[in-house]
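Report on one structure; see the data block that follows.
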Amino acid sequence: MKKLVTEDKKAFLDDILKRITEALQLNDTRRKLVEERYKSVSTFIEESPGLFFDAKIYSQGSYRLGTTVKPRQGEEYDLDFVVQIHKNWKVLSFSEVYNLFKDLIESDDRWKDLVIEKTRCIRLNYADEFHMDIISTCTENIHGDINRIMVPDRAEHCWGISNPEGYALWFEKKYIAQRNIYLSDFYPGMELRAAQDLPKDNPNYLKQPLQHAVQLIKRYRDVYFERQMDMAPSSIVLTTLVAKLYEGENSIYETIQKVVERFRMAVETEKLYYRQFHVSNPVLPDEIFTKEWNKNPKLFEAFVLFMKSLYELWEKLHTSNGTDLFNLLKDNFGTGAFDAAYKAQGLFMQSLRDRGYTGIIKGTGMAGIGMGHQIQKDRPNHFHGEE
Amino acid sequence: MISVYRQLQEINQNYPNWNGTILFRKILKLRGIVRPTIVSPEYTVEIIYEPTKHPKVFVISPKLEIHPEKDKLPHVWTDTGSLCLYEKDYDLNSDFITESIIVWITWWLYYYEIWLQTGTWVAKGTHPDKW
């Protein structure tokens, strides 16, 4: 039996949380812009004669994973791309590859003035709240796993191994089937979504709870560590840990609830107390994402406290209602994001009313789905105002 | 026109969250408990209904609050404090209250709760710019 999000606490929370992530990620217009720019850069690179002819260009990091989050004030979305060539890296120095790539990009008027040199990559600095970082890399072994690449490691002055595409595939394997998403039962008139896998640009497409959870936890980190960003855990640490602790929950609220519970259990088990653990790369186990915790144990302590506070927030979301609930969401994810989310829910409800999906439950007066014995069918109205 | 007796009968039969009395054989006074969403408080609401007149609808408790950046409630008659639920030219008298006023109270409260948090009335309404 279908319901509306107004009738079910978990669905209400999932709906608002989902809409908060929508307020924080690149909007559709910007995403289209990114795609267009990515296409024109990649076509240009692939077709240019020389070292990069026929190179593979693809996204990595949060843009690839679908977990981008708007940085807090003044910063831009950071979108990461890889250019991968199938050449023998053993006979090429990384600075040679880096410089040739920079020269290539700068040889075209479209990008010449946008280029900024970063330590490991070339940044294309667009004027629309985002920049594209492109790292030039070589396939590790053209006869082996094509996703393993050699990337410049400037600190060590040599090539280092990486596997961003392998990581993305690992992350996606953690997904549950799209048709099981808890919220899809609460969006009447969108049955299509449940029946088939929809392309990502379809408005009926629902992202995975795991992706929403990562976005929300990253945002919570940005708010929690606002005044001490140097103590904040990196996005790759959070993303990896959340995905490792995820066991296929189909709701956003429940995903974070279970993740923080499992984290708590794990930490408590390790508790001679607070014995430090590490987060490593699931596709390159030698790569430890939390190396700096060894140098500075305070970072680990801050991380444990951060996860504890997330646990407490999740408990409170469960027990709070009305203004208390809304204040928790505002304080921890930002007023702007919450307001946008709540208004979007209201507009969505209005569209359901207009299409005749809504009703009122007799006995409680609760807004609900417009069918069933205990339902008074809705009658869309205009609220009058005084002249 | 539906008589106040018939209106009350319909409420007594199907709407256990509402109670009513008839005054002077022509005025229907209703009191109901309405919880527009699962995260909302229970609102006590009163309707004073007299055929041929615009019904008065008041939220008794909890007291309606005003968004910090606003100076008055949206879609409320300033003189009486009654909720504005429909456009002036709408003829109510041929409908059951349960199909119109009582339905719209839920949505008024739903949109009031959003307004209280965000300062925006996102539902359809006349002169929404004012709020």
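By order in the structure tokens, chains are A, B, ...; within a chain, residues start at 1; ligands start at 1, following the order shown.
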* Distance filter 8 Å, only C-alpha atoms, chain B against chain A, as a PyMOL selection string -> chain B and resi 14-18+33-41+74-77+84-88+98-100+102-104+106-108+111+114+117-118+120+122-128
Alpha helix (DSSP H) positions in chain B, given as a PDB file with N, CA and C atoms, in the first residue's frame:
```pdb
ATOM      1  N   VAL B   4     -27.356  22.116   8.744  1.00  0.00           N
ATOM      2  CA  VAL B   4     -26.315  21.912   9.765  1.00  0.00           C
ATOM      3  C   VAL B   4     -26.462  20.539  10.435  1.00  0.00           C
ATOM      4  N   TYR B   5     -27.679  20.047  10.521  1.00  0.00           N
ATOM      5  CA  TYR B   5     -27.892  18.716  11.118  1.00  0.00           C
ATOM      6  C   TYR B   5     -27.244  17.628  10.264  1.00  0.00           C
ATOM      7  N   ARG B   6     -27.443  17.776   8.946  1.00  0.00           N
ATOM      8  CA  ARG B   6     -26.872  16.797   8.012  1.00  0.00           C
ATOM      9  C   ARG B   6     -25.332  16.870   8.033  1.00  0.00           C
ATOM     10  N   GLN B   7     -24.837  18.100   8.121  1.00  0.00           N
ATOM     11  CA  GLN B   7     -23.382  18.302   8.202  1.00  0.00           C
ATOM     12  C   GLN B   7     -22.830  17.594   9.447  1.00  0.00           C
ATOM     13  N   LEU B   8     -23.496  17.786  10.582  1.00  0.00           N
ATOM     14  CA  LEU B   8     -23.021  17.197  11.836  1.00  0.00           C
ATOM     15  C   LEU B   8     -23.104  15.679  11.802  1.00  0.00           C
ATOM     16  N   GLN B   9     -24.166  15.184  11.194  1.00  0.00           N
ATOM     17  CA  GLN B   9     -24.339  13.729  11.080  1.00  0.00           C
ATOM     18  C   GLN B   9     -23.159  13.104  10.319  1.00  0.00           C
ATOM     19  N   GLU B  10     -22.799  13.736   9.224  1.00  0.00           N
ATOM     20  CA  GLU B  10     -21.673  13.244   8.418  1.00  0.00           C
ATOM     21  C   GLU B  10     -20.380  13.216   9.244  1.00  0.00           C
ATOM     22  N   ILE B  11     -20.183  14.265  10.025  1.00  0.00           N
ATOM     23  CA  ILE B  11     -18.970  14.336  10.857  1.00  0.00           C
ATOM     24  C   ILE B  11     -18.997  13.258  11.935  1.00  0.00           C
ATOM     25  N   ASN B  12     -20.114  13.113  12.601  1.00  0.00           N
ATOM     26  CA  ASN B  12     -20.216  12.108  13.663  1.00  0.00           C
ATOM     27  C   ASN B  12     -20.004  10.693  13.139  1.00  0.00           C
ATOM     28  N   GLN B  13     -20.444  10.471  11.912  1.00  0.00           N
ATOM     29  CA  GLN B  13     -20.324   9.115  11.364  1.00  0.00           C
ATOM     30  C   GLN B  13     -18.910   8.774  10.928  1.00  0.00           C
ATOM     31  N   ASN B  14     -18.204   9.737  10.350  1.00  0.00           N
ATOM     32  CA  ASN B  14     -16.943   9.405   9.680  1.00  0.00           C
ATOM     33  C   ASN B  14     -15.696  10.107  10.185  1.00  0.00           C
ATOM     34  N   ILE B 101     -13.770  22.396   3.792  1.00  0.00           N
ATOM     35  CA  ILE B 101     -13.076  23.086   4.891  1.00  0.00           C
ATOM     36  C   ILE B 101     -12.122  22.166   5.649  1.00  0.00           C
ATOM     37  N   ILE B 102     -12.608  20.987   5.992  1.00  0.00           N
ATOM     38  CA  ILE B 102     -11.797  20.086   6.823  1.00  0.00           C
ATOM     39  C   ILE B 102     -10.567  19.587   6.059  1.00  0.00           C
ATOM     40  N   VAL B 103     -10.711  19.376   4.767  1.00  0.00           N
ATOM     41  CA  VAL B 103      -9.571  18.978   3.933  1.00  0.00           C
ATOM     42  C   VAL B 103      -8.546  20.115   3.862  1.00  0.00           C
ATOM     43  N   TRP B 104      -9.075  21.303   3.654  1.00  0.00           N
ATOM     44  CA  TRP B 104      -8.167  22.448   3.455  1.00  0.00           C
ATOM     45  C   TRP B 104      -7.446  22.847   4.732  1.00  0.00           C
ATOM     46  N   ILE B 105      -8.043  22.575   5.901  1.00  0.00           N
ATOM     47  CA  ILE B 105      -7.366  22.879   7.172  1.00  0.00           C
ATOM     48  C   ILE B 105      -6.046  22.112   7.244  1.00  0.00           C
ATOM     49  N   THR B 106      -6.086  20.842   6.858  1.00  0.00           N
ATOM     50  CA  THR B 106      -4.862  20.036   6.866  1.00  0.00           C
ATOM     51  C   THR B 106      -3.778  20.681   6.014  1.00  0.00           C
ATOM     52  N   TRP B 107      -4.159  21.072   4.803  1.00  0.00           N
ATOM     53  CA  TRP B 107      -3.148  21.661   3.906  1.00  0.00           C
ATOM     54  C   TRP B 107      -2.714  23.030   4.366  1.00  0.00           C
ATOM     55  N   TRP B 108      -3.626  23.775   4.951  1.00  0.00           N
ATOM     56  CA  TRP B 108      -3.228  25.077   5.492  1.00  0.00           C
ATOM     57  C   TRP B 108      -2.135  24.864   6.543  1.00  0.00           C
ATOM     58  N   LEU B 109      -2.361  23.907   7.440  1.00  0.00           N
ATOM     59  CA  LEU B 109      -1.382  23.646   8.501  1.00  0.00           C
ATOM     60  C   LEU B 109      -0.075  23.110   7.927  1.00  0.00           C
ATOM     61  N   TYR B 110      -0.193  22.250   6.921  1.00  0.00           N
ATOM     62  CA  TYR B 110       1.019  21.708   6.283  1.00  0.00           C
ATOM     63  C   TYR B 110       1.868  22.847   5.715  1.00  0.00           C
ATOM     64  N   TYR B 111       1.226  23.771   5.001  1.00  0.00           N
ATOM     65  CA  TYR B 111       1.976  24.873   4.388  1.00  0.00           C
ATOM     66  C   TYR B 111       2.379  25.935   5.404  1.00  0.00           C
ATOM     67  N   TYR B 112       1.586  26.061   6.461  1.00  0.00           N
ATOM     68  CA  TYR B 112       1.989  26.959   7.559  1.00  0.00           C
ATOM     69  C   TYR B 112       3.297  26.476   8.187  1.00  0.00           C
ATOM     70  N   GLU B 113       3.422  25.174   8.386  1.00  0.00           N
ATOM     71  CA  GLU B 113       4.638  24.634   9.014  1.00  0.00           C
ATOM     72  C   GLU B 113       5.871  24.916   8.146  1.00  0.00           C
ATOM     73  N   ILE B 114       5.703  24.813   6.826  1.00  0.00           N
ATOM     74  CA  ILE B 114       6.824  25.138   5.931  1.00  0.00           C
ATOM     75  C   ILE B 114       7.124  26.639   5.993  1.00  0.00           C
ATOM     76  N   TRP B 115       6.059  27.433   5.998  1.00  0.00           N
ATOM     77  CA  TRP B 115       6.229  28.896   6.075  1.00  0.00           C
ATOM     78  C   TRP B 115       6.958  29.289   7.356  1.00  0.00           C
ATOM     79  N   LEU B 116       6.576  28.661   8.455  1.00  0.00           N
ATOM     80  CA  LEU B 116       7.185  29.017   9.741  1.00  0.00           C
ATOM     81  C   LEU B 116       8.695  28.763   9.720  1.00  0.00           C
ATOM     82  N   GLN B 117       9.130  27.715   9.029  1.00  0.00           N
ATOM     83  CA  GLN B 117      10.562  27.409   8.952  1.00  0.00           C
ATOM     84  C   GLN B 117      11.276  28.262   7.912  1.00  0.00           C
ATOM     85  N   THR B 118      10.636  28.470   6.759  1.00  0.00           N
ATOM     86  CA  THR B 118      11.370  29.031   5.616  1.00  0.00           C
ATOM     87  C   THR B 118      10.955  30.456   5.274  1.00  0.00           C
TER      88      THR B 118
END
```
* **Shortest interatomic distance to Ser94 of chain B - which of B:Pro51, B:Gly20, B:Pro62, B:Gly32, counting only C-alpha atoms** => B:Pro51
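Residues of segment 1-107 of chain A that DSSP places in strand (DSSP E or B), based on the backbone of this structure, are Lys56, Ile57, Tyr58, Ser59, Gln60, Tyr77, Asp78, Leu79, Asp80, Phe81, Val82, Val83, Gln84 and Ile85 of chain A.
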* Give the answer as one residue: which of B:Tyr49, B:His67, B:Ser61, B:Ile97 has the shortest atom-to-atom distance to Leu28 of chain B, using only C-alpha atoms? => B:Tyr49
* To do: Please provide as a PyMOL selection string all residues within 9 Å of Ile60 of chain B, with the sequence filter that same-chain residues fewer than 4 positions apart are discarded (counting only C-alpha atoms).
  => chain B and resi 43-46+64
* Counting only C-alpha atoms, the residue of A:Gly372, A:Pro209, A:Pro285, A:Pro152 that sits nearest Val97 of chain A ->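 Of A:Gly372, A:Pro209, A:Pro285, A:Pro152, the one nearest Val97 of chain A, counting only C-alpha atoms, is A:Pro152.
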